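What's in structure-v1.txt: compact mmCIF, C-alpha atoms and all ligand atoms
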# COMPACT_ATOMS: atom_id res chain seq x y z
CA MET R 29 11.71 43.27 -134.75
CA LYS R 30 14.31 40.80 -133.59
CA ILE R 31 17.82 41.88 -134.49
CA ASN R 32 20.82 39.55 -134.25
CA ARG R 33 21.96 39.58 -130.65
CA ARG R 34 25.57 40.52 -131.48
CA ILE R 35 24.44 43.39 -133.66
CA GLN R 36 21.82 44.76 -131.23
CA GLY R 37 24.42 46.21 -128.91
CA LEU R 38 26.55 47.93 -131.55
CA VAL R 39 27.26 51.62 -131.13
CA GLY R 40 27.54 53.71 -134.32
CA SER R 41 30.86 55.39 -135.14
CA SER R 42 31.00 58.81 -133.51
CA THR R 43 33.99 59.78 -135.64
CA LEU R 44 32.14 59.10 -138.89
CA ALA R 45 28.86 60.62 -137.67
CA ILE R 46 30.34 63.93 -136.49
CA THR R 47 32.66 64.21 -139.49
CA ALA R 48 29.65 63.75 -141.79
CA ARG R 49 27.71 66.41 -139.82
CA ALA R 50 30.60 68.88 -140.05
CA LYS R 51 30.90 68.32 -143.81
CA GLU R 52 27.14 68.79 -144.20
CA LEU R 53 27.25 72.12 -142.34
CA LEU R 54 30.22 73.24 -144.44
CA SER R 55 28.36 72.35 -147.64
CA GLN R 56 25.48 74.53 -146.44
CA GLY R 57 27.94 77.42 -146.29
CA LYS R 58 28.29 77.49 -142.47
CA ASP R 59 31.57 78.81 -141.15
CA VAL R 60 32.48 75.58 -139.37
CA VAL R 61 36.03 74.81 -138.22
CA ASN R 62 36.41 71.08 -138.74
CA PHE R 63 38.53 69.52 -136.00
CA ALA R 64 36.48 66.32 -136.27
CA ALA R 65 37.82 64.77 -139.43
CA GLY R 66 40.07 61.77 -139.11
CA GLU R 67 41.38 62.31 -142.60
CA PRO R 68 43.99 64.54 -144.23
CA ASP R 69 42.56 67.64 -145.90
CA PHE R 70 45.07 67.47 -148.79
CA ASP R 71 43.90 66.33 -152.19
CA THR R 72 45.06 62.86 -153.34
CA PRO R 73 48.33 63.55 -155.23
CA ALA R 74 47.83 64.04 -158.99
CA ASP R 75 49.87 61.04 -160.21
CA ILE R 76 47.88 58.71 -157.97
CA LYS R 77 44.60 60.09 -159.27
CA GLU R 78 45.89 59.69 -162.83
CA ALA R 79 46.62 56.01 -162.17
CA GLY R 80 42.97 55.56 -161.14
CA ILE R 81 41.74 57.41 -164.22
CA LYS R 82 44.03 55.34 -166.45
CA ALA R 83 42.65 52.14 -164.91
CA ILE R 84 39.13 53.21 -165.92
CA ARG R 85 40.25 54.19 -169.44
CA ASP R 86 42.11 50.88 -169.84
CA GLY R 87 38.97 48.99 -168.88
CA PHE R 88 40.50 47.69 -165.66
CA THR R 89 37.02 47.63 -164.20
CA LYS R 90 36.29 43.98 -163.52
CA TYR R 91 36.62 41.59 -160.59
CA THR R 92 40.18 41.01 -159.46
CA PRO R 93 41.52 38.26 -157.18
CA THR R 94 39.70 38.64 -153.86
CA ILE R 95 42.68 39.75 -151.80
CA GLY R 96 44.24 41.96 -154.45
CA ILE R 97 46.08 41.96 -157.75
CA PRO R 98 49.50 40.28 -157.70
CA GLN R 99 51.42 43.47 -158.63
CA LEU R 100 49.88 45.36 -155.70
CA ARG R 101 50.64 42.56 -153.23
CA GLU R 102 54.19 42.49 -154.59
CA ALA R 103 54.49 46.27 -154.04
CA ILE R 104 53.15 45.87 -150.50
CA ALA R 105 55.69 43.11 -149.83
CA ASN R 106 58.43 45.51 -151.00
CA LYS R 107 57.06 48.28 -148.80
CA PHE R 108 57.02 46.02 -145.71
CA GLN R 109 60.61 44.98 -146.44
CA LYS R 110 61.92 48.47 -147.15
CA ASP R 111 60.11 50.46 -144.45
CA ASN R 112 59.58 47.90 -141.70
CA GLY R 113 62.18 45.17 -142.19
CA LEU R 114 59.38 42.59 -142.59
CA SER R 115 59.66 39.82 -145.17
CA TYR R 116 56.06 38.94 -145.99
CA LYS R 117 55.67 37.01 -149.24
CA PRO R 118 52.79 38.04 -151.52
CA ASN R 119 50.76 35.01 -150.28
CA GLU R 120 51.10 36.41 -146.76
CA ILE R 121 49.44 39.69 -147.77
CA ALA R 122 45.76 40.54 -148.19
CA VAL R 123 44.38 43.75 -149.66
CA SER R 124 40.99 44.88 -148.33
CA CYS R 125 38.57 47.83 -148.51
CA GLY R 126 40.52 50.02 -146.08
CA ALA R 127 42.59 49.20 -143.00
CA LYS R 128 39.30 49.13 -141.08
CA HIS R 129 38.21 46.21 -143.24
CA SER R 130 41.58 44.47 -142.78
CA ILE R 131 41.27 44.71 -138.99
CA TYR R 132 37.66 43.57 -139.11
CA ASN R 133 38.58 40.53 -141.22
CA ILE R 134 41.43 39.50 -138.92
CA ILE R 135 39.28 39.81 -135.80
CA GLN R 136 36.48 37.74 -137.34
CA VAL R 137 38.97 35.11 -138.51
CA LEU R 138 40.81 34.81 -135.18
CA ALA R 139 38.59 35.77 -132.26
CA ASP R 140 36.00 33.29 -130.98
CA GLU R 141 33.42 32.97 -128.22
CA GLY R 142 35.03 32.38 -124.86
CA GLU R 143 38.21 34.23 -125.88
CA GLU R 144 39.34 37.72 -124.88
CA VAL R 145 40.74 40.57 -126.92
CA ILE R 146 42.74 43.19 -125.05
CA ILE R 147 42.15 46.75 -126.23
CA PRO R 148 44.06 49.59 -124.55
CA SER R 149 41.95 52.65 -123.83
CA PRO R 150 41.56 55.31 -125.05
CA TYR R 151 40.95 53.28 -128.19
CA TRP R 152 39.90 53.86 -131.74
CA VAL R 153 36.11 53.66 -131.78
CA SER R 154 35.81 50.63 -134.06
CA TYR R 155 37.94 48.05 -132.22
CA PRO R 156 35.47 47.07 -129.46
CA GLU R 157 32.54 46.93 -131.86
CA MET R 158 34.44 44.63 -134.22
CA VAL R 159 35.23 42.30 -131.33
CA LYS R 160 31.60 42.31 -130.19
CA ILE R 161 30.57 41.13 -133.67
CA SER R 162 33.01 38.21 -133.42
CA GLY R 163 31.42 36.99 -130.18
CA ALA R 164 34.69 37.25 -128.25
CA GLN R 165 34.98 39.29 -125.04
CA VAL R 166 36.32 42.85 -125.11
CA LYS R 167 38.86 43.44 -122.36
CA ILE R 168 39.62 47.13 -121.98
CA LEU R 169 43.05 47.95 -120.60
CA PRO R 170 43.07 51.55 -119.34
CA THR R 171 46.21 53.63 -119.85
CA SER R 172 47.00 56.99 -118.24
CA ALA R 173 48.20 60.39 -119.31
CA ALA R 174 51.19 59.88 -116.99
CA ASP R 175 52.29 57.02 -119.29
CA ASP R 176 51.51 59.02 -122.44
CA PHE R 177 48.49 56.75 -122.89
CA LYS R 178 50.76 53.80 -123.62
CA VAL R 179 50.35 50.30 -122.22
CA THR R 180 52.91 49.42 -119.56
CA PRO R 181 54.27 45.87 -119.44
CA GLY R 182 53.00 45.47 -115.86
CA ALA R 183 49.46 46.43 -116.79
CA LEU R 184 49.48 44.17 -119.84
CA LYS R 185 50.79 41.26 -117.81
CA ALA R 186 48.00 41.74 -115.26
CA ALA R 187 45.35 41.83 -118.00
CA ILE R 188 46.40 38.57 -119.63
CA THR R 189 44.36 35.47 -118.76
CA PRO R 190 44.38 31.96 -120.23
CA ARG R 191 41.54 33.16 -122.46
CA THR R 192 43.48 36.05 -124.01
CA LYS R 193 43.70 35.58 -127.76
CA ILE R 194 44.61 38.96 -129.26
CA PHE R 195 46.22 42.21 -128.17
CA ILE R 196 45.39 45.23 -130.33
CA LEU R 197 48.28 47.65 -130.66
CA CYS R 198 47.86 51.04 -132.31
CA SER R 199 51.00 53.12 -132.79
CA PRO R 200 50.86 56.01 -133.54
CA SER R 201 47.57 55.85 -131.76
CA ASN R 202 44.18 57.26 -132.48
CA PRO R 203 43.01 59.26 -130.48
CA ALA R 204 46.09 60.13 -128.37
CA GLY R 205 48.90 60.24 -130.96
CA SER R 206 51.15 58.10 -128.74
CA VAL R 207 54.09 56.39 -130.43
CA TYR R 208 55.79 53.37 -128.84
CA SER R 209 59.59 53.19 -128.89
CA LYS R 210 61.40 50.04 -129.95
CA GLN R 211 62.26 49.28 -126.31
CA GLU R 212 58.62 49.62 -125.24
CA LEU R 213 57.50 47.37 -128.07
CA GLN R 214 60.12 44.78 -127.17
CA LYS R 215 58.62 44.40 -123.68
CA ILE R 216 55.12 43.99 -125.12
CA ALA R 217 56.43 41.51 -127.68
CA ASP R 218 58.13 39.44 -124.95
CA LEU R 219 54.86 39.19 -123.02
CA CYS R 220 52.84 38.25 -126.11
CA VAL R 221 55.39 35.59 -127.07
CA ALA R 222 55.51 34.19 -123.52
CA ASN R 223 51.70 33.89 -123.48
CA GLN R 224 51.24 33.06 -127.18
CA ILE R 225 48.95 36.01 -127.85
CA TYR R 226 48.35 37.32 -131.35
CA VAL R 227 49.05 40.98 -131.97
CA ILE R 228 47.09 43.06 -134.44
CA SER R 229 49.47 45.92 -135.08
CA ASP R 230 47.53 48.84 -136.54
CA GLU R 231 50.19 50.92 -138.30
CA ILE R 232 47.89 53.13 -140.38
CA TYR R 233 49.57 56.32 -139.04
CA GLU R 234 53.11 54.96 -139.47
CA LYS R 235 54.17 57.69 -141.88
CA LEU R 236 52.97 60.48 -139.60
CA VAL R 237 55.50 60.61 -136.77
CA TYR R 238 57.10 63.78 -135.45
CA ASP R 239 60.06 64.99 -133.39
CA GLN R 240 62.35 62.83 -135.57
CA MET R 241 61.05 59.70 -133.90
CA VAL R 242 62.14 56.45 -135.47
CA TYR R 243 59.19 54.20 -136.21
CA SER R 244 59.33 50.51 -135.27
CA SER R 245 57.00 47.68 -136.24
CA ILE R 246 56.50 45.14 -133.48
CA ALA R 247 56.70 42.20 -135.93
CA SER R 248 60.29 43.19 -136.74
CA LEU R 249 61.48 42.42 -133.20
CA GLY R 250 62.19 38.71 -133.66
CA GLN R 251 60.93 35.59 -135.40
CA GLN R 252 58.57 34.56 -132.58
CA ILE R 253 56.66 37.83 -132.42
CA TYR R 254 56.71 38.00 -136.23
CA THR R 255 54.72 34.76 -136.45
CA LEU R 256 52.18 36.02 -133.91
CA THR R 257 51.63 39.43 -135.50
CA ILE R 258 49.36 40.62 -138.24
CA THR R 259 50.62 43.98 -139.44
CA VAL R 260 47.95 46.33 -140.78
CA ASN R 261 48.50 49.40 -142.90
CA GLY R 262 46.90 51.23 -145.83
CA VAL R 263 47.02 54.23 -148.10
CA SER R 264 44.26 56.33 -146.49
CA LYS R 265 46.29 58.53 -144.17
CA ALA R 266 49.77 58.64 -145.73
CA TYR R 267 48.57 59.44 -149.26
CA SER R 268 45.37 61.27 -148.45
CA MET R 269 43.28 58.51 -150.02
CA THR R 270 40.55 57.89 -147.43
CA GLY R 271 37.77 57.63 -150.02
CA TRP R 272 39.59 55.13 -152.24
CA ARG R 273 39.22 52.41 -149.57
CA ILE R 274 42.44 50.42 -149.76
CA GLY R 275 44.06 48.83 -146.72
CA TYR R 276 46.17 45.74 -146.34
CA CYS R 277 47.71 43.34 -143.88
CA GLY R 278 50.65 40.97 -143.68
CA GLY R 279 50.68 37.88 -141.52
CA PRO R 280 50.96 34.09 -141.37
CA ALA R 281 49.80 32.42 -144.62
CA THR R 282 47.11 30.38 -142.81
CA ILE R 283 45.45 33.50 -141.41
CA ILE R 284 45.68 35.25 -144.79
CA ASP R 285 44.11 32.21 -146.40
CA TYR R 286 41.10 32.51 -144.10
CA VAL R 287 40.92 36.26 -144.70
CA ASN R 288 40.71 35.37 -148.39
CA LYS R 289 37.80 32.99 -147.81
CA PHE R 290 36.06 35.44 -145.47
CA GLN R 291 36.39 38.22 -148.02
CA ASP R 292 35.27 35.86 -150.84
CA HIS R 293 31.86 35.72 -149.22
CA SER R 294 31.53 39.34 -148.15
CA THR R 295 33.07 42.12 -150.24
CA SER R 296 35.04 40.15 -152.86
CA ASN R 297 37.93 42.29 -154.12
CA PRO R 298 38.54 45.90 -153.16
CA THR R 299 37.78 48.20 -156.09
CA SER R 300 39.97 47.42 -159.10
CA ILE R 301 40.46 51.11 -159.91
CA SER R 302 41.54 51.91 -156.35
CA GLN R 303 44.01 49.05 -156.39
CA MET R 304 45.74 50.66 -159.39
CA ALA R 305 45.82 54.01 -157.58
CA ALA R 306 47.24 52.34 -154.45
CA LEU R 307 49.93 50.74 -156.58
CA ALA R 308 50.91 54.19 -157.84
CA ALA R 309 50.91 55.50 -154.25
CA LEU R 310 53.28 52.80 -153.07
CA LYS R 311 55.61 53.60 -155.96
CA ALA R 312 55.49 57.37 -155.37
CA PRO R 313 58.62 59.17 -154.11
CA GLU R 314 59.03 59.33 -150.32
CA SER R 315 59.19 63.14 -150.59
CA LEU R 316 55.45 63.22 -151.27
CA VAL R 317 54.61 61.79 -147.85
CA LYS R 318 57.40 63.72 -146.12
CA LYS R 319 55.98 67.03 -147.32
CA MET R 320 52.55 66.27 -145.87
CA CYS R 321 54.11 65.02 -142.66
CA GLN R 322 56.09 68.24 -142.24
CA GLU R 323 52.96 70.30 -142.63
CA PHE R 324 51.17 68.15 -140.04
CA GLU R 325 54.05 68.64 -137.61
CA ALA R 326 53.88 72.43 -138.04
CA ARG R 327 50.13 72.31 -137.46
CA ARG R 328 50.54 70.15 -134.37
CA ASP R 329 53.01 72.65 -132.92
CA LEU R 330 50.65 75.51 -133.66
CA MET R 331 47.61 73.72 -132.23
CA LEU R 332 49.45 72.91 -129.00
CA LYS R 333 50.62 76.51 -128.68
CA CYS R 334 47.05 77.75 -129.13
CA LEU R 335 45.65 75.13 -126.72
CA ASP R 336 48.09 76.31 -124.07
CA GLN R 337 45.96 79.49 -123.89
CA VAL R 338 42.73 77.61 -123.15
CA SER R 339 42.00 77.45 -119.46
CA GLN R 340 41.61 74.18 -117.58
CA LEU R 341 42.45 72.11 -120.62
CA THR R 342 45.43 69.75 -120.69
CA TYR R 343 46.83 67.30 -123.22
CA VAL R 344 49.63 64.83 -123.73
CA ARG R 345 51.88 66.01 -126.54
CA PRO R 346 51.10 63.74 -129.52
CA GLN R 347 54.13 62.36 -131.36
CA GLY R 348 52.24 60.93 -134.28
CA ALA R 349 48.91 60.76 -136.17
CA PHE R 350 47.00 64.05 -136.42
CA TYR R 351 45.01 64.34 -133.22
CA VAL R 352 45.30 66.13 -129.89
CA PHE R 353 43.37 64.38 -127.14
CA CYS R 354 42.36 67.07 -124.69
CA ASP R 355 41.42 66.51 -121.06
CA ILE R 356 38.43 68.72 -120.33
CA SER R 357 37.30 66.95 -117.17
CA GLN R 358 37.89 70.19 -115.26
CA TRP R 359 35.13 71.86 -117.25
CA GLY R 360 32.48 70.03 -115.29
CA LEU R 361 30.46 69.00 -118.37
CA ASP R 362 30.48 65.66 -120.11
CA ALA R 363 32.36 65.53 -123.41
CA SER R 364 29.27 64.88 -125.54
CA THR R 365 27.61 68.01 -124.17
CA VAL R 366 30.78 70.02 -124.74
CA ALA R 367 31.11 68.75 -128.34
CA GLN R 368 27.47 69.43 -129.10
CA ARG R 369 27.53 72.91 -127.58
CA ILE R 370 30.80 73.90 -129.24
CA LEU R 371 29.38 72.86 -132.60
CA ASN R 372 26.05 74.61 -132.10
CA GLU R 373 27.29 77.75 -130.36
CA VAL R 374 30.65 78.51 -131.99
CA ASN R 375 30.72 76.26 -135.06
CA VAL R 376 33.68 74.08 -134.17
CA ALA R 377 33.41 70.32 -134.73
CA VAL R 378 35.29 68.06 -132.30
CA ILE R 379 34.83 64.41 -131.35
CA PRO R 380 33.72 63.69 -127.76
CA GLY R 381 35.78 61.12 -125.86
CA GLU R 382 32.98 58.73 -124.90
CA GLY R 383 33.37 56.72 -128.12
CA PHE R 384 37.08 56.31 -127.36
CA GLY R 385 36.34 55.09 -123.84
CA ALA R 386 37.44 58.43 -122.32
CA PRO R 387 34.44 60.54 -121.27
CA GLY R 388 36.45 63.49 -119.91
CA PHE R 389 38.18 64.20 -123.21
CA ILE R 390 37.59 65.72 -126.63
CA ARG R 391 39.62 64.90 -129.75
CA LEU R 392 40.79 67.69 -132.02
CA SER R 393 42.20 66.85 -135.47
CA PHE R 394 44.80 69.16 -136.93
CA THR R 395 43.77 68.25 -140.47
CA THR R 396 42.90 71.78 -141.42
CA SER R 397 44.93 74.89 -142.30
CA GLN R 398 47.00 76.78 -139.76
CA GLU R 399 44.68 79.76 -140.10
CA ARG R 400 41.65 77.59 -139.26
CA ILE R 401 43.51 75.99 -136.36
CA ARG R 402 44.12 79.44 -134.83
CA GLU R 403 40.51 80.43 -135.39
CA GLY R 404 39.02 77.16 -134.11
CA VAL R 405 41.03 77.05 -130.89
CA ARG R 406 40.32 80.74 -130.31
CA ARG R 407 36.59 80.02 -130.53
CA ILE R 408 36.87 77.06 -128.14
CA GLY R 409 38.85 79.15 -125.65
CA GLN R 410 36.35 81.99 -125.81
CA TRP R 411 33.43 79.62 -125.44
CA ALA R 412 35.02 77.97 -122.42
CA GLN R 413 35.55 81.37 -120.81
CA GLN R 414 32.05 82.62 -121.58
CA CYS R 415 30.57 79.48 -120.09
CA SER R 416 32.69 80.37 -117.08
CA VAL R 417 34.03 76.88 -116.98
CA LYS R 418 34.75 76.14 -113.38
CA PRO R 419 36.92 73.56 -111.72
CA VAL R 420 34.91 70.61 -110.47
CA LEU R 421 34.78 70.76 -106.72
CA SER R 422 35.62 67.48 -105.12
N1 LIG R 501 42.96 52.40 -137.70
C1 LIG R 501 42.88 53.59 -137.12
C2 LIG R 501 43.54 53.78 -135.80
C3 LIG R 501 42.20 54.63 -137.71
O1 LIG R 501 42.12 55.81 -137.11
C4 LIG R 501 41.56 54.42 -138.94
C5 LIG R 501 40.75 55.56 -139.47
N2 LIG R 501 40.35 55.60 -140.63
C6 LIG R 501 41.68 53.16 -139.55
C7 LIG R 501 42.39 52.17 -138.89
C8 LIG R 501 41.04 52.78 -140.83
O2 LIG R 501 41.51 53.45 -141.94
P1 LIG R 501 40.99 53.11 -143.40
O3 LIG R 501 39.91 52.11 -143.28
O4 LIG R 501 40.54 54.39 -144.00
O5 LIG R 501 42.19 52.54 -144.13
N1 LIG R 502 39.67 56.82 -138.36
C1 LIG R 502 39.19 58.14 -138.59
C2 LIG R 502 38.78 58.77 -137.27
O1 LIG R 502 39.06 58.24 -136.23
C3 LIG R 502 38.12 58.17 -139.64
C4 LIG R 502 36.75 57.78 -139.20
C5 LIG R 502 36.69 56.34 -138.83
O2 LIG R 502 36.80 55.50 -139.71
O3 LIG R 502 36.62 56.09 -137.62
O4 LIG R 502 38.22 59.84 -137.27
Spit out the file's structure as structure tokens when you get a sec.
Amino acid sequence: MKINRRIQGLVGSSTLAITARAKELLSQGKDVVNFAAGEPDFDTPADIKEAGIKAIRDGFTKYTPTIGIPQLREAIANKFQKDNGLSYKPNEIAVSCGAKHSIYNIIQVLADEGEEVIIPSPYWVSYPEMVKISGAQVKILPTSAADDFKVTPGALKAAITPRTKIFILCSPSNPAGSVYSKQELQKIADLCVANQIYVISDEIYEKLVYDQMVYSSIASLGQQIYTLTITVNGVSKAYSMTGWRIGYCGGPATIIDYVNKFQDHSTSNPTSISQMAALAALKAPESLVKKMCQEFEARRDLMLKCLDQVSQLTYVRPQGAFYVFCDISQWGLDASTVAQRILNEVNVAVIPGEGFGAPGFIRLSFTTSQERIREGVRRIGQWAQQCSVKPVLS
């Protein structure tokens, strides 16, 4: 069978596959500790669920405008203004079926054959695959633990060519939890403005930052970078609404117009019911998100403390999102083998680093209770010891 040549080379999502496997084992009653999930374990808050139920009861169950109902786009415009100092008008905002869909749409609209998209590694698994579909070239820009897995201006400058079209920025990042400061973003913004490169700023973990860090959106750092940036966000992570599938983006009206057309011929509108729930989420008190964020911070602290007891494992302290990206290269086994064996032998689900472009790492999510975090890391530590993990001899 002849498959489309851009689709042939696609790699499935390791995050989704392993999360599904962990959930399946849990549903079979297995005592699995789930460090794989890239989603909060909290239930969607009651008032948000009620808004969805009300939408069904009110018969709000038909097609809506492709890129979202006006009241939701208005609420998103208010959110961007209030939280990020960004003045997108409703016609500069598109609502899609998750932030993943927003990013996909923007890449398909902007990136073309013969152009390059810079993706810092370690990266979220879906970025390179989305670029491959567009026909543009993926240009991986490696970062290092010494730089907290953040792109340095020097490295970005060296990666830029006349063909560079887009730079994908993810802060807080998945999988490393790195958060860029305003000063760091300013340097990146200056380079993108100087070279007229679009920035896709993936801000899906914006609400989950720790250590009292102040969050900055790159588009807020001046008019020039504002016009080159498409800011992406959504309700999945902040409001524990991963299954509702609502994400959105703000950017230049022309790009949003094309997103509208692109979506017209693919998904049409995101679910009407979910749009009503997302509207309720955006109107919910800040305290709702803060409470979840505080719990995540406590879990992060606990997970790091527990990981400190595991031999030959290191990490960079994450300042956002809900992942710890652990360097296990000293264990002398590739990450996929480690992840598979840990799942089979001690029932702990983790995501191997290969899919993030970092084969010597495993990603652990702290989206489970503190008790399970203690138990899961204890099992990993014991497993590592029993396997008499040895330093790799060079
Ligand atoms: N960006 C990043 C970095 C993510 O980890 C995710 C994971 N879900 C998304 C975007 C997409 O989120 P969603 O489609 O659920 O809004
Ligand atoms: N983004 C989450 C993760 O990295 C959810 C799965 C996915 O969409 O990739 O685990």
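Across R:Phe88, R:Tyr286, R:Tyr151, R:Phe108, the tightest approach to ligand LIG 502 (chain R) is made by R:Tyr151 when counting all atoms listed in the file.
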Exercise for the section: Pick out the residues no farther than 10 Å from ligand LIG 502 (chain R), counting all atoms listed in the file, and list them as a ChimeraX atom specification. Expected result: /R:40-48,63-68,126-128,151-155,201-203,232-233,264-265,270,350-351,379,384,391-393
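The closest residue to Gln240 of chain R, picked from R:Lys117, R:Arg49, R:Lys318, R:His129 and counting only C-alpha atoms, is R:Lys318.
Shortest separation to Leu213 of chain R among R:Gly163, R:Gly381, R:Pro181, R:Gly142 occurs at residue R:Pro181, atoms counted being all atoms listed in the file.
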Practice task
Calculate how many Å separate atom CA of Asn133 of chain R from atom CA of Val287 of chain R, rounding to one decimal.
Solution key: 6.0 Å
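For the choices R:Ala306, R:Leu54, R:Ile301, R:Ile194, the atom-to-atom distance to ligand LIG 501 (chain R) is smallest for R:Ala306 when using only C-alpha atoms and all ligand atoms.
Minimum distance to Tyr91 of chain R across R:Ser229, R:Ser124, R:Val166, R:Asn297 (counting only C-alpha atoms) occurs at R:Asn297.
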Please produce segment 353-360 of chain R, completed to all heavy atoms, as a PDB file, keeping the file's coordinate frame.
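Dumped everything to selection26.pdb:
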ATOM      1  N   PHE R 353      44.425  64.899-128.016  1.00  0.00           N
ATOM      2  CA  PHE R 353      43.370  64.380-127.140  1.00  0.00           C
ATOM      3  C   PHE R 353      43.387  65.233-125.881  1.00  0.00           C
ATOM      4  O   PHE R 353      44.346  65.179-125.103  1.00  0.00           O
ATOM      5  CB  PHE R 353      43.662  62.910-126.834  1.00  0.00           C
ATOM      6  CG  PHE R 353      42.438  62.130-126.462  1.00  0.00           C
ATOM      7  CD1 PHE R 353      41.266  62.246-127.188  1.00  0.00           C
ATOM      8  CD2 PHE R 353      42.474  61.246-125.400  1.00  0.00           C
ATOM      9  CE1 PHE R 353      40.132  61.507-126.856  1.00  0.00           C
ATOM     10  CE2 PHE R 353      41.346  60.502-125.062  1.00  0.00           C
ATOM     11  CZ  PHE R 353      40.179  60.638-125.798  1.00  0.00           C
ATOM     12  N   CYS R 354      42.342  66.036-125.729  1.00  0.00           N
ATOM     13  CA  CYS R 354      42.360  67.070-124.690  1.00  0.00           C
ATOM     14  C   CYS R 354      41.527  66.654-123.477  1.00  0.00           C
ATOM     15  O   CYS R 354      40.353  66.272-123.626  1.00  0.00           O
ATOM     16  CB  CYS R 354      41.774  68.363-125.240  1.00  0.00           C
ATOM     17  SG  CYS R 354      42.642  68.967-126.682  1.00  0.00           S
ATOM     18  N   ASP R 355      42.112  66.799-122.319  1.00  0.00           N
ATOM     19  CA  ASP R 355      41.420  66.510-121.060  1.00  0.00           C
ATOM     20  C   ASP R 355      40.610  67.739-120.674  1.00  0.00           C
ATOM     21  O   ASP R 355      41.163  68.803-120.378  1.00  0.00           O
ATOM     22  CB  ASP R 355      42.470  66.170-119.989  1.00  0.00           C
ATOM     23  CG  ASP R 355      41.826  65.764-118.669  1.00  0.00           C
ATOM     24  OD1 ASP R 355      40.644  66.095-118.449  1.00  0.00           O
ATOM     25  OD2 ASP R 355      42.519  65.132-117.853  1.00  0.00           O
ATOM     26  N   ILE R 356      39.296  67.597-120.688  1.00  0.00           N
ATOM     27  CA  ILE R 356      38.430  68.720-120.330  1.00  0.00           C
ATOM     28  C   ILE R 356      37.600  68.377-119.084  1.00  0.00           C
ATOM     29  O   ILE R 356      36.554  68.980-118.838  1.00  0.00           O
ATOM     30  CB  ILE R 356      37.495  69.116-121.503  1.00  0.00           C
ATOM     31  CG1 ILE R 356      36.781  67.876-122.047  1.00  0.00           C
ATOM     32  CG2 ILE R 356      38.260  69.826-122.597  1.00  0.00           C
ATOM     33  CD1 ILE R 356      35.349  68.065-122.354  1.00  0.00           C
ATOM     34  N   SER R 357      38.092  67.400-118.327  1.00  0.00           N
ATOM     35  CA  SER R 357      37.300  66.950-117.170  1.00  0.00           C
ATOM     36  C   SER R 357      37.115  68.069-116.142  1.00  0.00           C
ATOM     37  O   SER R 357      36.144  68.064-115.380  1.00  0.00           O
ATOM     38  CB  SER R 357      37.937  65.723-116.522  1.00  0.00           C
ATOM     39  OG  SER R 357      39.291  65.969-116.252  1.00  0.00           O
ATOM     40  N   GLN R 358      38.023  69.056-116.170  1.00  0.00           N
ATOM     41  CA  GLN R 358      37.890  70.190-115.260  1.00  0.00           C
ATOM     42  C   GLN R 358      36.738  71.123-115.639  1.00  0.00           C
ATOM     43  O   GLN R 358      36.376  72.006-114.877  1.00  0.00           O
ATOM     44  CB  GLN R 358      39.192  71.012-115.230  1.00  0.00           C
ATOM     45  CG  GLN R 358      40.384  70.275-114.633  1.00  0.00           C
ATOM     46  CD  GLN R 358      40.132  69.876-113.192  1.00  0.00           C
ATOM     47  OE1 GLN R 358      39.821  70.712-112.365  1.00  0.00           O
ATOM     48  NE2 GLN R 358      40.226  68.582-112.905  1.00  0.00           N
ATOM     49  N   TRP R 359      36.199  70.960-116.816  1.00  0.00           N
ATOM     50  CA  TRP R 359      35.130  71.860-117.250  1.00  0.00           C
ATOM     51  C   TRP R 359      33.793  71.542-116.599  1.00  0.00           C
ATOM     52  O   TRP R 359      32.845  72.323-116.692  1.00  0.00           O
ATOM     53  CB  TRP R 359      34.973  71.815-118.780  1.00  0.00           C
ATOM     54  CG  TRP R 359      36.125  72.443-119.532  1.00  0.00           C
ATOM     55  CD1 TRP R 359      37.306  72.887-118.984  1.00  0.00           C
ATOM     56  CD2 TRP R 359      36.217  72.684-120.930  1.00  0.00           C
ATOM     57  NE1 TRP R 359      38.123  73.374-119.966  1.00  0.00           N
ATOM     58  CE2 TRP R 359      37.476  73.271-121.177  1.00  0.00           C
ATOM     59  CE3 TRP R 359      35.367  72.459-122.010  1.00  0.00           C
ATOM     60  CZ2 TRP R 359      37.902  73.635-122.457  1.00  0.00           C
ATOM     61  CZ3 TRP R 359      35.788  72.822-123.286  1.00  0.00           C
ATOM     62  CH2 TRP R 359      37.040  73.406-123.497  1.00  0.00           C
ATOM     63  N   GLY R 360      33.703  70.365-116.019  1.00  0.00           N
ATOM     64  CA  GLY R 360      32.480  70.030-115.290  1.00  0.00           C
ATOM     65  C   GLY R 360      31.290  69.678-116.170  1.00  0.00           C
ATOM     66  O   GLY R 360      30.155  69.679-115.709  1.00  0.00           O
TER      67      GLY R 360
END
